[in-house]
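Step one of this worksheet: look at the structure below.
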Amino acid sequence: MTKRGMLIVLSGPSGVGKGTVRKAIFDQNNNDFQYSISMTTRQPRPGEVDGVDYFFVSKEEFEERIQTGGMLEYAKYVDNYYGTPLKYVNETLDSGKDVFLEIEVNGAMQVRAKSPDGVFVFLTPPDLMELKQRLIHRGTDAMDVINKRVATAVGEIKMMQNYDYAVVNDEVNNAVEKIKTIIRSERLRVTRVMPDYLGMLGEMNS
Ligand SMILES: Nc1nc2c(ncn2[C@@H]2O[C@H](COP(=O)(O)OP(=O)(O)O)[C@@H](O)[C@H]2O)c(=O)[nH]1
Ligand SMILES: Nc1ncnc2c1ncn2[C@@H]1O[C@H](COP(=O)(O)OP(=O)(O)O)[C@@H](O)[C@H]1O
């Protein structure tokens, strides 16, 4: 029987560098885990591609998905819905592959309630001024949206204590290496690797 894959959840405030760090991890083609593309009602930013960065859908389509049980988790974040389509995650985990989610804190806590054996990593900024600077420098959001995101960040950072690991994104490469180390170590947890000795004993005795 194939062992079910491991769920890895990365959260952190907007602008901390989750997307940058995640892309760096996935660009190093030697990962054996799969990225789950989220669904959102937010407008695509210039350069974002439907089905690559997100599945961009209308509010009606998103609410339909929620009602039909098609979401592993979802949350409203600064006036838009964001969520993880359930089917891809389940099928990938069932095939024995690990799945990587990049989602905000409320969604992460929904996943934690459903899959307590997941690995929950919080990416945190060196400080709040640096966070705001990164959002300004990214240049994708108007100042009122940036201010809302920084205000939201304070509450998000308080949620860090509900995660298994915290990684400070000072330098992208440092953060990438730390996250890869966490994933490698988690794969060696006794509960994940222990063969089913009791089952084997049962077979030997039958
Ligand atoms: N709950 C949940 N949050 C998500 C999902 N996808 C993205 N997010 C989060 O929603 C927030 C806003 O995302 P986005 O508008 O792309 O802004 P960005 O993270 O600053 O690039 C971020 O904290 C994302 O991590 C998802 O599927 N579920
Ligand atoms: N370690 C870092 N040091 C300096 N700037 C960074 C770092 N990581 C990301 N950035 C920059 O910060 C901005 C926000 O990063 P992004 O990956 O879009 O964040 P998030 O996905 O968490 O919202 C981008 O302009 C990115 O280039």
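Letters A, B, ... mark the chains of the structure tokens in the order given; residue numbers begin at 1 per chain; ligand numbers begin at 1, in order shown.
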*Tell me, as a list in words, which residues lie within 7 Å of region 11-15 of chain A, counting only C-alpha atoms; anything in the same chain fewer than 2 positions away does not count.*
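Non-adjacent residues within range: Val9, Gly17, Lys18, Glu102, Ile103, Glu104, Val105, Val121, Phe122, Leu123, Thr124, Leu131, Arg134, Leu135, Arg149, Ala153 and Glu156 of chain A.
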Hey, can you spit out that residue selection with C-alpha atoms as a short mmCIF file (atom, residue, chain, number, x, y, z; two decimals), in the first residue's frame?
```
data_model
loop_
_atom_site.label_atom_id
_atom_site.label_comp_id
_atom_site.auth_asym_id
_atom_site.auth_seq_id
_atom_site.Cartn_x
_atom_site.Cartn_y
_atom_site.Cartn_z
CA VAL A 9 1.79 24.50 4.78
CA GLY A 17 8.35 36.87 0.56
CA LYS A 18 6.31 33.64 0.53
CA GLU A 102 1.05 28.63 0.47
CA ILE A 103 -1.94 30.11 2.33
CA GLU A 104 -2.86 32.70 4.96
CA VAL A 105 -3.31 31.94 8.66
CA VAL A 121 5.76 26.71 8.74
CA PHE A 122 5.45 30.45 9.36
CA LEU A 123 7.61 32.81 7.29
CA THR A 124 8.17 36.02 9.22
CA LEU A 131 7.53 44.26 5.52
CA ARG A 134 8.81 45.07 0.55
CA LEU A 135 5.15 45.69 -0.32
CA ARG A 149 -2.13 44.29 4.49
CA ALA A 153 0.01 41.32 9.35
CA GLU A 156 -1.20 37.16 11.52
#
```
Taking only C-alpha atoms and all ligand atoms into account, report as a CSV table (one decimal) with C-alpha atoms, in the first residue's frame which residues have an atom no farther than 9 Å from an atom of ligand 1.
```csv
chain,number,residue,atom,x,y,z
A,10,LEU,CA,3.6,27.8,4.4
A,11,SER,CA,2.0,31.0,5.8
A,12,GLY,CA,3.2,34.5,6.6
A,13,PRO,CA,2.0,38.0,6.1
A,14,SER,CA,1.6,39.6,2.7
A,15,GLY,CA,4.9,40.9,1.4
A,16,VAL,CA,7.1,38.8,3.6
A,17,GLY,CA,8.3,36.9,0.6
A,18,LYS,CA,6.3,33.6,0.5
A,19,GLY,CA,5.9,33.7,-3.3
A,36,SER,CA,-1.2,23.2,-5.0
A,37,ILE,CA,-2.5,26.2,-7.0
A,38,SER,CA,-5.0,28.2,-5.1
A,39,MET,CA,-8.3,29.7,-6.3
A,40,THR,CA,-9.1,33.4,-5.8
A,42,ARG,CA,-8.8,38.7,-6.7
A,43,GLN,CA,-8.0,40.3,-10.0
A,44,PRO,CA,-4.8,39.0,-11.7
A,45,ARG,CA,-1.8,41.3,-11.3
A,53,ASP,CA,-0.3,31.6,-10.2
A,54,TYR,CA,-3.9,31.1,-9.2
A,71,MET,CA,-12.6,23.4,-0.9
A,72,LEU,CA,-10.1,22.0,1.6
A,73,GLU,CA,-10.1,25.4,3.2
A,74,TYR,CA,-10.9,29.0,2.3
A,75,ALA,CA,-10.7,32.5,3.8
A,76,LYS,CA,-11.6,36.0,3.0
A,77,TYR,CA,-8.5,38.2,2.9
A,78,VAL,CA,-8.7,42.0,2.3
A,80,ASN,CA,-11.4,38.6,-1.7
A,81,TYR,CA,-11.8,34.9,-1.3
A,82,TYR,CA,-8.8,32.6,-1.4
A,83,GLY,CA,-9.0,28.8,-1.1
A,84,THR,CA,-7.4,25.4,-1.8
A,85,PRO,CA,-9.3,23.1,-4.2
A,101,LEU,CA,0.3,24.9,0.2
A,102,GLU,CA,1.1,28.6,0.5
A,103,ILE,CA,-1.9,30.1,2.3
A,104,GLU,CA,-2.9,32.7,5.0
A,105,VAL,CA,-3.3,31.9,8.7
A,106,ASN,CA,-7.1,31.3,8.9
A,107,GLY,CA,-7.0,28.8,6.1
A,108,ALA,CA,-3.9,27.2,7.6
A,109,MET,CA,-5.7,26.7,10.9
A,110,GLN,CA,-8.6,25.0,9.1
A,135,LEU,CA,5.2,45.7,-0.3
A,140,THR,CA,1.6,45.7,-7.1
A,141,ASP,CA,-0.8,47.3,-4.6
A,149,ARG,CA,-2.1,44.3,4.5
A,153,ALA,CA,0.0,41.3,9.3
```
*Within 10 Å of Val21 (chain A), counting only C-alpha atoms, which residues show up once you throw out same-chain ones fewer than 3 positions away? Write them as a ChimeraX atom specification, please.*
/A:16-18,24-27,123,169,171-177,179
*May I have all residues of region 80-198 of chain A that DSSP, computed from the backbone, assigns to helix (DSSP H, G or I), given as JSON, numbers by chain?*
{"A": [86, 87, 88, 89, 90, 91, 92, 93, 94, 105, 106, 107, 108, 109, 110, 111, 112, 113, 114, 128, 129, 130, 131, 132, 133, 134, 135, 136, 137, 138, 143, 144, 145, 146, 147, 148, 149, 150, 151, 152, 153, 154, 155, 156, 157, 158, 159, 160, 161, 162, 172, 173, 174, 175, 176, 177, 178, 179, 180, 181, 182, 183, 184, 185, 186, 187, 190, 191, 192, 193, 197, 198]}
Once you have the residues from the selection above, write them out as an mmCIF file, in the first residue's frame, restricted to C-alpha atoms.
```cif
data_model
loop_
_atom_site.group_PDB
_atom_site.id
_atom_site.type_symbol
_atom_site.label_atom_id
_atom_site.label_comp_id
_atom_site.auth_asym_id
_atom_site.auth_seq_id
_atom_site.Cartn_x
_atom_site.Cartn_y
_atom_site.Cartn_z
ATOM 1 C CA LEU A 86 -9.710 19.795 -2.391
ATOM 2 C CA LYS A 87 -9.513 17.307 -5.271
ATOM 3 C CA TYR A 88 -5.920 17.979 -6.361
ATOM 4 C CA VAL A 89 -4.618 17.847 -2.787
ATOM 5 C CA ASN A 90 -6.377 14.569 -1.994
ATOM 6 C CA GLU A 91 -5.391 12.852 -5.236
ATOM 7 C CA THR A 92 -1.748 13.915 -4.900
ATOM 8 C CA LEU A 93 -1.483 12.851 -1.244
ATOM 9 C CA ASP A 94 -3.181 9.531 -2.070
ATOM 10 C CA VAL A 105 -3.306 31.938 8.661
ATOM 11 C CA ASN A 106 -7.076 31.349 8.930
ATOM 12 C CA GLY A 107 -6.968 28.797 6.124
ATOM 13 C CA ALA A 108 -3.876 27.189 7.640
ATOM 14 C CA MET A 109 -5.704 26.689 10.934
ATOM 15 C CA GLN A 110 -8.612 25.015 9.074
ATOM 16 C CA VAL A 111 -6.087 22.644 7.505
ATOM 17 C CA ARG A 112 -4.468 22.047 10.896
ATOM 18 C CA ALA A 113 -7.870 20.977 12.325
ATOM 19 C CA LYS A 114 -8.414 18.536 9.430
ATOM 20 C CA LEU A 128 7.338 45.466 10.238
ATOM 21 C CA MET A 129 9.028 48.421 8.512
ATOM 22 C CA GLU A 130 10.867 45.976 6.262
ATOM 23 C CA LEU A 131 7.533 44.263 5.521
ATOM 24 C CA LYS A 132 5.951 47.551 4.423
ATOM 25 C CA GLN A 133 9.047 48.401 2.367
ATOM 26 C CA ARG A 134 8.808 45.067 0.551
ATOM 27 C CA LEU A 135 5.153 45.689 -0.317
ATOM 28 C CA ILE A 136 5.944 49.221 -1.547
ATOM 29 C CA HIS A 137 8.938 47.950 -3.496
ATOM 30 C CA ARG A 138 6.881 45.141 -5.095
ATOM 31 C CA MET A 143 -1.135 52.474 -0.671
ATOM 32 C CA ASP A 144 -4.526 51.873 1.002
ATOM 33 C CA VAL A 145 -4.266 48.147 0.196
ATOM 34 C CA ILE A 146 -0.678 48.087 1.496
ATOM 35 C CA ASN A 147 -1.819 49.684 4.753
ATOM 36 C CA LYS A 148 -4.617 47.107 5.115
ATOM 37 C CA ARG A 149 -2.134 44.287 4.487
ATOM 38 C CA VAL A 150 0.326 45.618 7.081
ATOM 39 C CA ALA A 151 -2.517 46.036 9.618
ATOM 40 C CA THR A 152 -3.617 42.443 8.895
ATOM 41 C CA ALA A 153 0.010 41.319 9.347
ATOM 42 C CA VAL A 154 0.029 42.244 13.045
ATOM 43 C CA GLY A 155 -2.803 39.785 13.783
ATOM 44 C CA GLU A 156 -1.202 37.161 11.523
ATOM 45 C CA ILE A 157 2.154 37.378 13.299
ATOM 46 C CA LYS A 158 0.370 36.721 16.610
ATOM 47 C CA MET A 159 -0.815 33.403 15.106
ATOM 48 C CA MET A 160 2.806 32.297 14.640
ATOM 49 C CA GLN A 161 2.698 30.407 17.949
ATOM 50 C CA ASN A 162 0.205 27.949 16.395
ATOM 51 C CA VAL A 172 15.863 34.375 0.362
ATOM 52 C CA ASN A 173 18.509 31.631 0.163
ATOM 53 C CA ASN A 174 18.636 31.261 3.960
ATOM 54 C CA ALA A 175 14.873 30.879 4.152
ATOM 55 C CA VAL A 176 14.844 28.370 1.271
ATOM 56 C CA GLU A 177 17.534 26.218 2.902
ATOM 57 C CA LYS A 178 15.763 26.289 6.272
ATOM 58 C CA ILE A 179 12.439 25.230 4.774
ATOM 59 C CA LYS A 180 14.085 22.415 2.822
ATOM 60 C CA THR A 181 15.805 21.245 6.033
ATOM 61 C CA ILE A 182 12.454 21.245 7.863
ATOM 62 C CA ILE A 183 10.857 19.142 5.117
ATOM 63 C CA ARG A 184 13.767 16.671 5.068
ATOM 64 C CA SER A 185 13.625 16.262 8.865
ATOM 65 C CA GLU A 186 9.866 15.909 8.969
ATOM 66 C CA ARG A 187 10.037 13.069 6.469
ATOM 67 C CA VAL A 190 9.082 8.006 13.448
ATOM 68 C CA THR A 191 5.337 8.162 12.890
ATOM 69 C CA ARG A 192 5.856 8.743 9.153
ATOM 70 C CA VAL A 193 8.482 6.091 8.449
ATOM 71 C CA TYR A 197 5.131 -4.194 12.235
ATOM 72 C CA LEU A 198 1.843 -5.156 13.869
#
```
*Within 8 Å of Gly118 (chain A), counting only C-alpha atoms, which residues qualify if same-chain residues fewer than 2 places away don't, as a list in words?*
Met6, Leu7, Ile8, Val9, Arg112, Ser115, Pro116 and Phe120 of chain A
Write to file, as a PDB file, in the first residue's frame, the residues of the selection just made, with N, CA and C atoms.
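Saved file part-v3.pdb follows:
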```pdb
ATOM      1  N   MET A   6       2.808  13.812   2.554  1.00  0.00           N
ATOM      2  CA  MET A   6       2.827  14.747   3.691  1.00  0.00           C
ATOM      3  C   MET A   6       2.369  16.128   3.192  1.00  0.00           C
ATOM      4  N   LEU A   7       1.608  16.809   4.041  1.00  0.00           N
ATOM      5  CA  LEU A   7       1.127  18.141   3.680  1.00  0.00           C
ATOM      6  C   LEU A   7       2.041  19.187   4.328  1.00  0.00           C
ATOM      7  N   ILE A   8       2.572  20.099   3.513  1.00  0.00           N
ATOM      8  CA  ILE A   8       3.446  21.152   4.031  1.00  0.00           C
ATOM      9  C   ILE A   8       2.728  22.480   3.822  1.00  0.00           C
ATOM     10  N   VAL A   9       2.541  23.247   4.879  1.00  0.00           N
ATOM     11  CA  VAL A   9       1.793  24.496   4.783  1.00  0.00           C
ATOM     12  C   VAL A   9       2.706  25.665   5.131  1.00  0.00           C
ATOM     13  N   ARG A 112      -5.041  22.667   9.691  1.00  0.00           N
ATOM     14  CA  ARG A 112      -4.468  22.047  10.896  1.00  0.00           C
ATOM     15  C   ARG A 112      -5.543  21.199  11.603  1.00  0.00           C
ATOM     16  N   SER A 115      -6.025  18.116   9.226  1.00  0.00           N
ATOM     17  CA  SER A 115      -4.818  17.292   9.004  1.00  0.00           C
ATOM     18  C   SER A 115      -3.752  17.654  10.031  1.00  0.00           C
ATOM     19  N   PRO A 116      -3.925  17.209  11.278  1.00  0.00           N
ATOM     20  CA  PRO A 116      -2.979  17.605  12.323  1.00  0.00           C
ATOM     21  C   PRO A 116      -1.560  17.090  12.084  1.00  0.00           C
ATOM     22  N   PHE A 120       3.517  22.733   9.604  1.00  0.00           N
ATOM     23  CA  PHE A 120       3.067  24.120   9.503  1.00  0.00           C
ATOM     24  C   PHE A 120       4.233  25.069   9.745  1.00  0.00           C
TER      25      PHE A 120
END
```
*Please, what distance in Å, to one decimal, runs between CA of Phe55 (chain A) and CA of Val119 (chain A)?*
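Taking CA of Phe55 (chain A) and CA of Val119 (chain A), their separation equals 24.3 Å.
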*asked:* For a quick check of understanding, using only C-alpha atoms, which of A:Thr41, A:Thr20, A:Leu188, A:Gly139 has the smallest distance to Ser58 (chain A)?
replied: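 Among the listed residues, the smallest separation from Ser58 (chain A) belongs to A:Thr41.
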*Nearest residue to ligand 2 from the set A:Val168, A:Met194, A:Val99, A:Met200 (distances using only C-alpha atoms and all ligand atoms)*: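 Among the listed residues, the smallest separation from ligand 2 belongs to A:Val168.
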_As an exercise, work out the distance from CA of Gly70 (chain A) to CA of Glu48 (chain A) in Å and give it to one decimal place._
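Interatomic distance here is 23.6 Å.
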*Would you return as a ChimeraX atom specification the members of region 46-206 of chain A that DSSP assigns to strand (DSSP E or B) on this structure's backbone?*
/A:50,54-56,71-77,80-85,98-102,119-124,165-168
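Each of A:Asp79, A:Pro46, A:Tyr163, A:Phe62 was checked against Asp117 (chain A) using only C-alpha atoms; the smallest atom-to-atom distance is that of A:Tyr163.
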*Go ahead and compute the interatomic distance for CA of Phe100 (chain A) and CA of Lys3 (chain A), in Å to one decimal.*
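Rounded to one decimal, the two atoms are 16.8 Å apart.
Distance annotation: of A:Thr2, A:Asp50, A:Asp127, A:Lys59, the residue with the minimal separation from ligand 2 is A:Asp127; atom set is only C-alpha atoms and all ligand atoms.
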*Which of these, A:Gly5, A:Gly51, A:Gly96, A:Pro126, has the shortest distance to ligand 2 once you count only C-alpha atoms and all ligand atoms?*
A:Pro126
